[in-house]
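Enquirer: Next comes data_3.txt, compact mmCIF, C-alpha atoms:
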```txt
# COMPACT_ATOMS: atom_id res chain seq x y z
CA MET A 59 -6.12 -2.09 26.61
CA LYS A 60 -3.12 -0.11 25.40
CA ALA A 61 -3.30 2.16 22.37
CA VAL A 62 -1.11 4.76 20.71
CA ARG A 63 -2.71 8.19 21.01
CA VAL A 64 -1.98 11.48 19.26
CA HIS A 65 -3.07 14.56 21.22
CA GLY A 66 -1.54 17.11 18.85
CA PHE A 67 -0.15 17.00 15.30
CA GLY A 68 3.62 17.06 15.00
CA PRO A 69 6.74 14.85 14.75
CA PRO A 70 6.65 11.09 15.40
CA GLU A 71 7.28 11.63 19.10
CA VAL A 72 3.76 13.05 19.59
CA MET A 73 2.58 9.42 19.55
CA GLN A 74 2.33 8.00 23.05
CA LEU A 75 1.31 4.53 24.22
CA GLU A 76 -1.50 4.95 26.75
CA GLU A 77 -4.22 3.02 28.55
CA ALA A 78 -7.51 3.23 26.68
CA PRO A 79 -11.01 1.93 27.41
CA GLY A 80 -11.95 -1.51 26.15
CA LEU A 81 -13.98 -1.68 22.94
CA ILE A 82 -17.59 -2.88 22.71
CA PRO A 83 -19.03 -3.63 19.26
CA GLY A 84 -22.32 -2.07 18.22
CA GLU A 85 -24.71 -3.28 15.55
CA GLY A 86 -22.82 -4.54 12.51
CA GLU A 87 -19.45 -4.11 14.24
CA VAL A 88 -16.67 -6.43 15.40
CA VAL A 89 -13.70 -6.13 17.74
CA VAL A 90 -10.39 -7.64 16.63
CA LYS A 91 -7.57 -8.48 19.03
CA LEU A 92 -4.57 -7.40 16.98
CA HIS A 93 -1.43 -9.49 16.62
CA ALA A 94 0.22 -7.20 14.05
CA VAL A 95 -0.23 -3.63 12.82
CA GLY A 96 0.83 -2.23 9.44
CA VAL A 97 2.77 1.05 9.20
CA ASN A 98 2.16 3.14 6.06
CA PRO A 99 3.61 6.46 4.86
CA VAL A 100 0.10 7.94 4.88
CA ASP A 101 0.02 7.36 8.65
CA THR A 102 2.94 9.78 8.99
CA TYR A 103 1.28 12.42 6.82
CA ILE A 104 -1.87 12.31 8.94
CA ARG A 105 0.10 12.42 12.21
CA SER A 106 2.09 15.45 11.00
CA GLY A 107 -1.09 17.38 10.17
CA MET A 108 -0.33 17.38 6.42
CA TYR A 109 -3.46 15.32 5.69
CA SER A 110 -6.80 15.61 7.50
CA PRO A 111 -5.87 18.65 9.62
CA ASP A 112 -9.49 18.74 10.87
CA LEU A 113 -9.22 15.21 12.32
CA PRO A 114 -10.62 15.33 15.88
CA LEU A 115 -7.95 14.92 18.56
CA PRO A 116 -6.90 12.78 20.26
CA TYR A 117 -6.93 9.86 17.84
CA THR A 118 -5.29 6.47 17.35
CA PRO A 119 -3.35 6.14 14.07
CA GLY A 120 -3.39 3.29 11.61
CA SER A 121 -5.72 1.56 9.17
CA ASP A 122 -4.08 -1.86 8.67
CA GLY A 123 -3.75 -4.81 11.02
CA ALA A 124 -4.38 -8.51 11.53
CA GLY A 125 -5.55 -10.65 14.41
CA ILE A 126 -8.45 -12.66 15.79
CA VAL A 127 -12.09 -11.57 16.16
CA SER A 128 -12.73 -11.24 19.90
CA ALA A 129 -16.31 -9.89 19.93
CA VAL A 130 -19.17 -9.35 17.47
CA GLY A 131 -22.16 -7.04 17.64
CA SER A 132 -25.77 -7.70 16.70
CA GLY A 133 -26.49 -8.15 13.02
CA VAL A 134 -23.04 -9.55 12.20
CA SER A 135 -23.42 -12.66 10.06
CA HIS A 136 -20.11 -13.12 8.24
CA ARG A 137 -17.64 -12.98 11.15
CA GLN A 138 -17.40 -15.06 14.30
CA VAL A 139 -15.36 -14.97 17.49
CA GLY A 140 -12.04 -16.76 17.03
CA GLU A 141 -11.80 -16.11 13.27
CA ARG A 142 -8.47 -15.01 11.79
CA VAL A 143 -8.87 -11.75 9.86
CA TYR A 144 -6.96 -8.87 8.40
CA VAL A 145 -8.20 -5.31 8.89
CA ALA A 146 -8.34 -2.66 6.17
CA ARG A 147 -9.67 0.57 7.71
CA SER A 148 -11.39 0.71 11.06
CA LEU A 149 -13.51 2.85 13.36
CA SER A 150 -10.95 3.24 16.15
CA GLY A 151 -7.43 3.04 14.63
CA THR A 152 -5.15 0.02 14.49
CA TYR A 153 -2.11 1.18 16.52
CA ALA A 154 -3.59 -0.62 19.53
CA GLU A 155 -4.07 -3.98 21.16
CA GLU A 156 -7.67 -4.09 19.90
CA VAL A 157 -9.55 -2.36 17.10
CA LEU A 158 -13.25 -1.69 16.44
CA CYS A 159 -14.36 -2.25 12.85
CA LYS A 160 -17.41 -2.42 10.68
CA GLU A 161 -17.96 -6.05 9.74
CA PHE A 162 -16.73 -5.62 6.17
CA GLN A 163 -13.62 -3.69 7.18
CA THR A 164 -12.37 -7.14 8.18
CA HIS A 165 -11.48 -9.93 5.75
CA PRO A 166 -10.64 -13.63 6.14
CA LEU A 167 -6.94 -14.33 6.65
CA PRO A 168 -6.13 -17.71 5.10
CA GLU A 169 -4.13 -20.29 7.02
CA GLY A 170 -0.47 -20.11 6.13
CA ILE A 171 -0.49 -16.32 5.99
CA SER A 172 1.08 -14.84 9.12
CA PHE A 173 -0.49 -12.00 11.08
CA GLY A 174 2.45 -9.82 10.03
CA GLN A 175 1.71 -10.54 6.38
CA GLY A 176 -1.96 -9.86 7.00
CA ALA A 177 -1.13 -6.45 8.41
CA ALA A 178 0.80 -5.69 5.20
CA ILE A 179 -2.22 -6.04 2.90
CA GLY A 180 -4.70 -3.15 3.28
CA VAL A 181 -3.06 0.06 2.06
CA PRO A 182 -0.19 -1.37 -0.06
CA TYR A 183 -2.23 -3.93 -1.96
CA GLY A 184 -5.25 -1.62 -2.09
CA ALA A 185 -3.21 1.19 -3.66
CA ALA A 186 -1.57 -1.19 -6.12
CA PHE A 187 -4.87 -2.79 -7.18
CA ARG A 188 -6.64 0.54 -7.56
CA ALA A 189 -3.77 1.98 -9.60
CA LEU A 190 -3.37 -1.03 -11.88
CA PHE A 191 -6.92 -2.08 -12.53
CA GLN A 192 -9.39 0.56 -11.35
CA ARG A 193 -7.49 3.58 -12.69
CA ALA A 194 -5.15 2.36 -15.46
CA GLY A 195 -7.39 -0.50 -16.62
CA ALA A 196 -4.35 -2.73 -17.14
CA VAL A 197 -4.98 -5.96 -19.04
CA ALA A 198 -3.02 -9.15 -19.65
CA GLY A 199 -0.22 -8.81 -22.18
CA GLU A 200 0.52 -5.15 -21.50
CA PHE A 201 3.89 -3.91 -20.25
CA VAL A 202 3.86 -2.29 -16.82
CA LEU A 203 6.74 -0.37 -15.22
CA VAL A 204 6.67 -0.28 -11.42
CA HIS A 205 8.89 2.44 -9.96
CA GLY A 206 10.16 1.67 -6.46
CA ALA A 207 9.19 -1.97 -6.83
CA SER A 208 11.01 -3.10 -3.67
CA GLY A 209 8.74 -1.09 -1.34
CA GLY A 210 5.39 -2.14 0.11
CA VAL A 211 3.19 -0.83 -2.72
CA GLY A 212 5.81 -1.81 -5.29
CA ILE A 213 5.94 -5.45 -4.18
CA ALA A 214 2.14 -5.61 -4.17
CA SER A 215 2.07 -4.12 -7.67
CA VAL A 216 4.55 -6.64 -9.04
CA GLN A 217 2.67 -9.61 -7.58
CA LEU A 218 -0.76 -8.39 -8.72
CA ALA A 219 0.45 -7.51 -12.22
CA ARG A 220 2.26 -10.81 -12.70
CA ALA A 221 -0.77 -12.78 -11.51
CA ALA A 222 -2.93 -10.89 -14.04
CA GLY A 223 -0.69 -11.76 -16.99
CA LEU A 224 1.11 -8.45 -17.49
CA ARG A 225 4.77 -8.16 -18.51
CA VAL A 226 6.35 -6.62 -15.40
CA ILE A 227 9.40 -4.38 -15.21
CA GLY A 228 10.39 -3.08 -11.79
CA THR A 229 12.98 -0.61 -10.53
CA ALA A 230 15.07 -0.63 -7.37
CA GLY A 231 18.11 1.22 -6.08
CA THR A 232 20.31 -1.56 -4.69
CA GLU A 233 21.41 -5.06 -5.64
CA GLU A 234 19.44 -6.41 -2.69
CA GLY A 235 16.35 -4.57 -3.89
CA GLU A 236 16.80 -5.84 -7.44
CA LYS A 237 16.96 -9.45 -6.23
CA LEU A 238 13.83 -8.94 -4.14
CA VAL A 239 11.88 -7.50 -7.09
CA LEU A 240 12.83 -10.44 -9.32
CA ALA A 241 11.86 -12.86 -6.54
CA GLN A 242 8.37 -11.31 -6.45
CA GLY A 243 7.80 -12.15 -10.11
CA ALA A 244 9.11 -9.21 -12.17
CA HIS A 245 10.33 -10.23 -15.61
CA HIS A 246 13.02 -7.55 -15.57
CA VAL A 247 14.46 -5.11 -13.05
CA LEU A 248 16.28 -1.80 -13.61
CA ASN A 249 18.47 0.10 -11.16
CA HIS A 250 17.00 3.61 -10.93
CA LYS A 251 20.31 4.98 -9.69
CA GLU A 252 22.01 4.20 -13.00
CA LYS A 253 22.15 7.09 -15.47
CA GLY A 254 19.80 6.61 -18.39
CA TYR A 255 18.27 3.44 -16.99
CA LEU A 256 14.94 4.11 -18.70
CA SER A 257 16.60 3.86 -22.14
CA ARG A 258 16.59 0.07 -21.74
CA LEU A 259 12.80 0.05 -21.92
CA GLN A 260 12.80 0.32 -25.72
CA GLN A 261 14.61 -2.99 -26.00
CA LEU A 262 12.62 -4.67 -23.23
CA THR A 263 9.29 -3.70 -24.83
CA CYS A 264 10.33 -4.55 -28.42
CA GLY A 265 10.33 -0.84 -29.28
CA MET A 266 6.70 -0.29 -28.32
CA GLY A 267 7.13 1.48 -25.01
CA VAL A 268 5.42 0.84 -21.68
CA ASN A 269 1.63 0.67 -21.52
CA VAL A 270 1.27 1.43 -17.80
CA ILE A 271 3.61 3.14 -15.33
CA LEU A 272 2.98 3.07 -11.58
CA GLU A 273 4.71 6.18 -10.26
CA MET A 274 5.68 6.43 -6.58
CA LEU A 275 7.74 9.64 -6.89
CA ALA A 276 6.15 11.79 -9.55
CA ASN A 277 8.06 14.95 -8.68
CA VAL A 278 11.27 13.20 -9.80
CA ASN A 279 10.14 10.88 -12.59
CA LEU A 280 6.95 12.10 -14.27
CA ASP A 281 8.52 14.06 -17.13
CA LEU A 282 10.78 11.13 -17.98
CA ASP A 283 7.90 8.67 -17.69
CA LEU A 284 5.99 10.37 -20.49
CA GLY A 285 8.89 9.78 -22.87
CA VAL A 286 8.88 6.00 -22.45
CA LEU A 287 5.14 5.38 -22.76
CA ALA A 288 3.55 3.46 -25.62
CA LYS A 289 0.76 5.09 -27.59
CA GLN A 290 -2.26 5.54 -25.33
CA GLY A 291 -0.08 4.68 -22.36
CA ARG A 292 -1.09 5.61 -18.82
CA VAL A 293 0.89 6.91 -15.85
CA VAL A 294 -0.80 6.49 -12.48
CA VAL A 295 0.56 8.83 -9.81
CA ILE A 296 0.58 6.93 -6.51
CA GLY A 297 3.03 9.20 -4.69
CA SER A 298 4.76 12.56 -5.03
CA ARG A 299 6.79 14.76 -2.71
CA GLY A 300 6.66 18.04 -4.57
CA ARG A 301 5.90 19.84 -7.82
CA VAL A 302 7.15 18.82 -11.26
CA GLU A 303 7.50 20.40 -14.70
CA ILE A 304 6.52 18.35 -17.76
CA ASP A 305 6.33 18.91 -21.52
CA PRO A 306 2.67 18.32 -22.47
CA ARG A 307 3.66 17.73 -26.11
CA THR A 308 5.24 14.43 -25.10
CA ALA A 309 1.86 13.28 -23.83
CA MET A 310 0.04 14.68 -26.84
CA GLY A 311 1.98 12.67 -29.42
CA ARG A 312 1.31 9.45 -27.55
CA GLU A 313 -2.25 10.36 -26.55
CA ALA A 314 -1.06 9.48 -23.06
CA ALA A 315 -2.98 9.88 -19.82
CA ILE A 316 -1.73 11.03 -16.42
CA LEU A 317 -4.05 9.61 -13.76
CA GLY A 318 -4.18 10.51 -10.10
CA MET A 319 -4.98 7.88 -7.50
CA THR A 320 -5.94 7.75 -3.85
CA LEU A 321 -7.26 4.66 -2.13
CA TYR A 322 -9.63 6.74 0.00
CA ASN A 323 -11.72 7.54 -3.09
CA ALA A 324 -12.56 3.87 -3.66
CA SER A 325 -16.26 3.08 -3.38
CA GLU A 326 -17.63 0.23 -1.24
CA LYS A 327 -18.11 -1.80 -4.42
CA GLU A 328 -14.53 -1.16 -5.51
CA LEU A 329 -13.20 -2.08 -2.05
CA ALA A 330 -15.22 -5.30 -2.03
CA SER A 331 -13.83 -6.18 -5.45
CA MET A 332 -10.19 -5.69 -4.49
CA HIS A 333 -10.46 -7.58 -1.21
CA ALA A 334 -12.16 -10.51 -2.93
CA ALA A 335 -9.11 -10.64 -5.20
CA PHE A 336 -6.70 -10.38 -2.24
CA VAL A 337 -8.30 -13.21 -0.25
CA GLU A 338 -8.19 -15.46 -3.33
CA GLY A 339 -4.59 -14.47 -4.12
CA LEU A 340 -3.50 -15.16 -0.55
CA SER A 341 -5.25 -18.54 -0.68
CA ASN A 342 -3.76 -19.65 -4.00
CA GLY A 343 -0.27 -18.33 -3.32
CA THR A 344 -0.02 -15.61 -5.99
CA LEU A 345 0.06 -12.88 -3.31
CA ARG A 346 2.82 -13.08 -0.68
CA PRO A 347 3.21 -9.93 1.46
CA VAL A 348 6.81 -9.27 2.48
CA VAL A 349 7.57 -8.09 6.03
CA SER A 350 10.97 -6.46 6.41
CA ARG A 351 10.95 -5.38 10.05
CA GLU A 352 8.92 -5.84 13.22
CA LEU A 353 8.92 -3.41 16.15
CA PRO A 354 6.99 -3.28 19.43
CA LEU A 355 3.89 -1.07 19.43
CA ALA A 356 5.64 1.22 21.94
CA GLU A 357 8.20 2.05 19.22
CA ALA A 358 5.66 3.54 16.81
CA ALA A 359 7.72 6.75 16.61
CA ALA A 360 10.79 4.81 15.44
CA ALA A 361 8.63 3.06 12.84
CA HIS A 362 7.42 6.42 11.49
CA HIS A 363 10.98 7.70 11.20
CA ALA A 364 12.01 4.52 9.37
CA VAL A 365 9.13 4.40 6.88
CA ILE A 366 9.89 7.94 5.67
CA GLU A 367 13.62 8.39 6.18
CA ALA A 368 15.05 5.01 5.16
CA SER A 369 14.75 2.66 2.21
CA THR A 370 12.72 -0.34 3.31
CA PHE A 371 12.16 -3.62 1.50
CA GLY A 372 8.59 -4.67 2.15
CA LYS A 373 6.58 -3.60 5.18
CA ILE A 374 7.33 -2.36 8.68
CA ILE A 375 5.04 -4.01 11.23
CA LEU A 376 4.22 -3.09 14.83
CA ILE A 377 3.56 -5.88 17.32
CA PRO A 378 1.07 -5.07 20.15
```
For the structure just supplied, provide its representation as structure tokens.

Expert:
Amino acid sequence: MKAVRVHGFGPPEVMQLEEAPGLIPGEGEVVVKLHAVGVNPVDTYIRSGMYSPDLPLPYTPGSDGAGIVSAVGSGVSHRQVGERVYVARSLSGTYAEEVLCKEFQTHPLPEGISFGQGAAIGVPYGAAFRALFQRAGAVAGEFVLVHGASGGVGIASVQLARAAGLRVIGTAGTEEGEKLVLAQGAHHVLNHKEKGYLSRLQQLTCGMGVNVILEMLANVNLDLDLGVLAKQGRVVVIGSRGRVEIDPRTAMGREAAILGMTLYNASEKELASMHAAFVEGLSNGTLRPVVSRELPLAEAAAAHHAVIEASTFGKIILIP
């Protein structure tokens, strides 16, 4: 089979498509023939050496994908050859024609959901679910502000929050992005390029402020976020590209909480919970992953440039 391999950390061009040995499942493992592979910003951080600098080389990037089970090992009882699945984490890396997984790193992909959409689930929806429900403890009726709501995690956040009965306000930077956010179920959308755009939140929340903020760029927004929170409001930091200065007194008066989040800290029980919710949401139509662009697997380097350097609406997908 063919697989993308990284022999040394560096720029996107260190990724090369190579021949790799076929995969054989062991006990409790399955092999999935991939039809689509999800590209996430975290993939670029790992490839650059910023994250996991002790990762053994060479390695195959990627944690998300979707395809058909092609082989199962002994002891596997919930997956069968020919089954449509999406992959969220793996043993061998998903930037490949096939991937080796533990049985429960694969999840049923309902009919009507494309392989591209399936490959857009794992990291984006996992991060959104963990931030909203496992960290912020968001509940129906609360106001949630989703920064960068037209991106992969943002779209997932809007859909999950709306399905759970929250009042959803998203932000985007273009008219196209604003339309996309509204189409995903947001009640209101703000243009984050407009000066003072957060001032509208007082009116939109009936003067109460926002209960939960999902923050994708904390180094830019965190100090301002604290000023628009309701009492006992929570900001969950999903992403940041640098340091930030805040005034702690703003948080004190509101008894606000700043919560960090990383999907890789989720326990097996927490992962099982979120994926049960995703499979049901995909089945009943409340979750609808958005794919913005598809590229051949050989163009993984171009995909890494795009996911970091350009504004994307939805997910970038690689096709093996």

Enquirer: Taking a cut-off of 12 Å and counting only C-alpha atoms, can you build a table that, for each residue of range 125-224 of chain A near range 287-292 of chain A, reports the nearest atom pair and how far apart they are in Å (one decimal), sorted by chain then residue number, as JSON lines?

Expert:
```
{"residue": "A:Ala189", "atom": "CA", "partner": "A:Arg292", "partner_atom": "CA", "distance": 10.3}
{"residue": "A:Leu190", "atom": "CA", "partner": "A:Arg292", "partner_atom": "CA", "distance": 9.9}
{"residue": "A:Phe191", "atom": "CA", "partner": "A:Arg292", "partner_atom": "CA", "distance": 11.5}
{"residue": "A:Arg193", "atom": "CA", "partner": "A:Arg292", "partner_atom": "CA", "distance": 9.1}
{"residue": "A:Ala194", "atom": "CA", "partner": "A:Arg292", "partner_atom": "CA", "distance": 6.2}
{"residue": "A:Gly195", "atom": "CA", "partner": "A:Arg292", "partner_atom": "CA", "distance": 9.0}
{"residue": "A:Ala196", "atom": "CA", "partner": "A:Arg292", "partner_atom": "CA", "distance": 9.1}
{"residue": "A:Glu200", "atom": "CA", "partner": "A:Gly291", "partner_atom": "CA", "distance": 9.9}
{"residue": "A:Phe201", "atom": "CA", "partner": "A:Ala288", "partner_atom": "CA", "distance": 9.1}
{"residue": "A:Val202", "atom": "CA", "partner": "A:Arg292", "partner_atom": "CA", "distance": 9.5}
{"residue": "A:Leu203", "atom": "CA", "partner": "A:Leu287", "partner_atom": "CA", "distance": 9.6}
```

Enquirer: Write out as a PyMOL selection string which residues come within 10 Å of Val90 in chain A when counting all atoms listed in the file, dropping same-chain ones fewer than 6 positions away.

Expert: chain A and resi 81+83+123-130+139-145+152+155-159+164

Enquirer: I'd like to know which of A:Tyr153, A:Phe162, A:Tyr103, A:Phe67 is closest to Leu115 in chain A, using only C-alpha atoms.

Expert: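 Once distances to Leu115 in chain A are computed over only C-alpha atoms, the minimum belongs to A:Phe67.
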
Enquirer: Show me the residues close to (7.3, 5.6, -19.3) - anything with an atom within 12 Å, counting all atoms listed in the file - and format the list as a ChimeraX atom specification.

Expert: /A:201-205,227-228,255-260,263,266-273,276,279-294,308-309,312,314-316

Enquirer: Which residues are close to range 234-238 of chain A, i.e. within 6 Å by all atoms listed in the file, leaving aside same-chain residues fewer than 3 positions away? Reply as a compact mmCIF listing (two decimals) with C-alpha atoms, keeping the file's coordinate frame.

Expert:
```
# COMPACT_ATOMS: atom_id res chain seq x y z
CA SER A 208 11.01 -3.10 -3.67
CA ALA A 230 15.07 -0.63 -7.37
CA ALA A 241 11.86 -12.86 -6.54
```

Enquirer: Which polymer residues have any atom within 12 Å of an atom of Ala330 in chain A, counting all atoms listed in the file, with same-chain residues fewer than 3 positions away left out, as a PyMOL selection string?

Expert: chain A and resi 146+162-165+180+184+187-188+324-327+333-337

Enquirer: Can those selected residues be exported to a file as a CSV table (one decimal), keeping the file's coordinate frame so that it contains C-alpha atoms?

Expert:
```
chain,number,residue,atom,x,y,z
A,146,ALA,CA,-8.3,-2.7,6.2
A,162,PHE,CA,-16.7,-5.6,6.2
A,163,GLN,CA,-13.6,-3.7,7.2
A,164,THR,CA,-12.4,-7.1,8.2
A,165,HIS,CA,-11.5,-9.9,5.8
A,180,GLY,CA,-4.7,-3.2,3.3
A,184,GLY,CA,-5.2,-1.6,-2.1
A,187,PHE,CA,-4.9,-2.8,-7.2
A,188,ARG,CA,-6.6,0.5,-7.6
A,324,ALA,CA,-12.6,3.9,-3.7
A,325,SER,CA,-16.3,3.1,-3.4
A,326,GLU,CA,-17.6,0.2,-1.2
A,327,LYS,CA,-18.1,-1.8,-4.4
A,333,HIS,CA,-10.5,-7.6,-1.2
A,334,ALA,CA,-12.2,-10.5,-2.9
A,335,ALA,CA,-9.1,-10.6,-5.2
A,336,PHE,CA,-6.7,-10.4,-2.2
A,337,VAL,CA,-8.3,-13.2,-0.2
```

Enquirer: Counting all atoms listed in the file, which residues sit no farther than 7 Å from the position (2.8, -3.9, 10.8) in the file's frame? I'd like them as a ChimeraX atom specification.

Expert: /A:94-97,123,174,177-178,352,373-377

Enquirer: Just the residues within 9 Å of Gly223 in chain A, please, counting only C-alpha atoms, with nothing from its chain fewer than 2 positions along; format it as number ranges by chain.

Expert: A: 197-200, 218-221, 225-226

Enquirer: Please report the interatomic distance between CA of Glu87 in chain A and CA of His65 in chain A in Å with one decimal.

Expert: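 Computed distance, CA of Glu87 in chain A to CA of His65 in chain A, equals 25.8 Å.
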
Enquirer: Could you work out how far CA of Ser110 in chain A lies from CA of Val278 in chain A, giving the answer in Å with one decimal?

Expert: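 Here the two named atoms are 25.1 Å from each other.
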
Enquirer: Can you measure CA of Val181 in chain A to CA of Gly343 in chain A for me? One decimal in Å is fine.

Expert: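 A separation of 19.4 Å between them.
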
Enquirer: Which neighbours of Leu275 in chain A fall inside 10 Å, counting only C-alpha atoms, when residues of the same chain fewer than 4 positions from it are skipped, and could you give them as a list in words?

Expert: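 Here the qualifying residues turn out to be His205, Gly206, Asn279, Leu280, Val295, Ile296, Gly297, Ser298, Arg299 and Gly300 of chain A.
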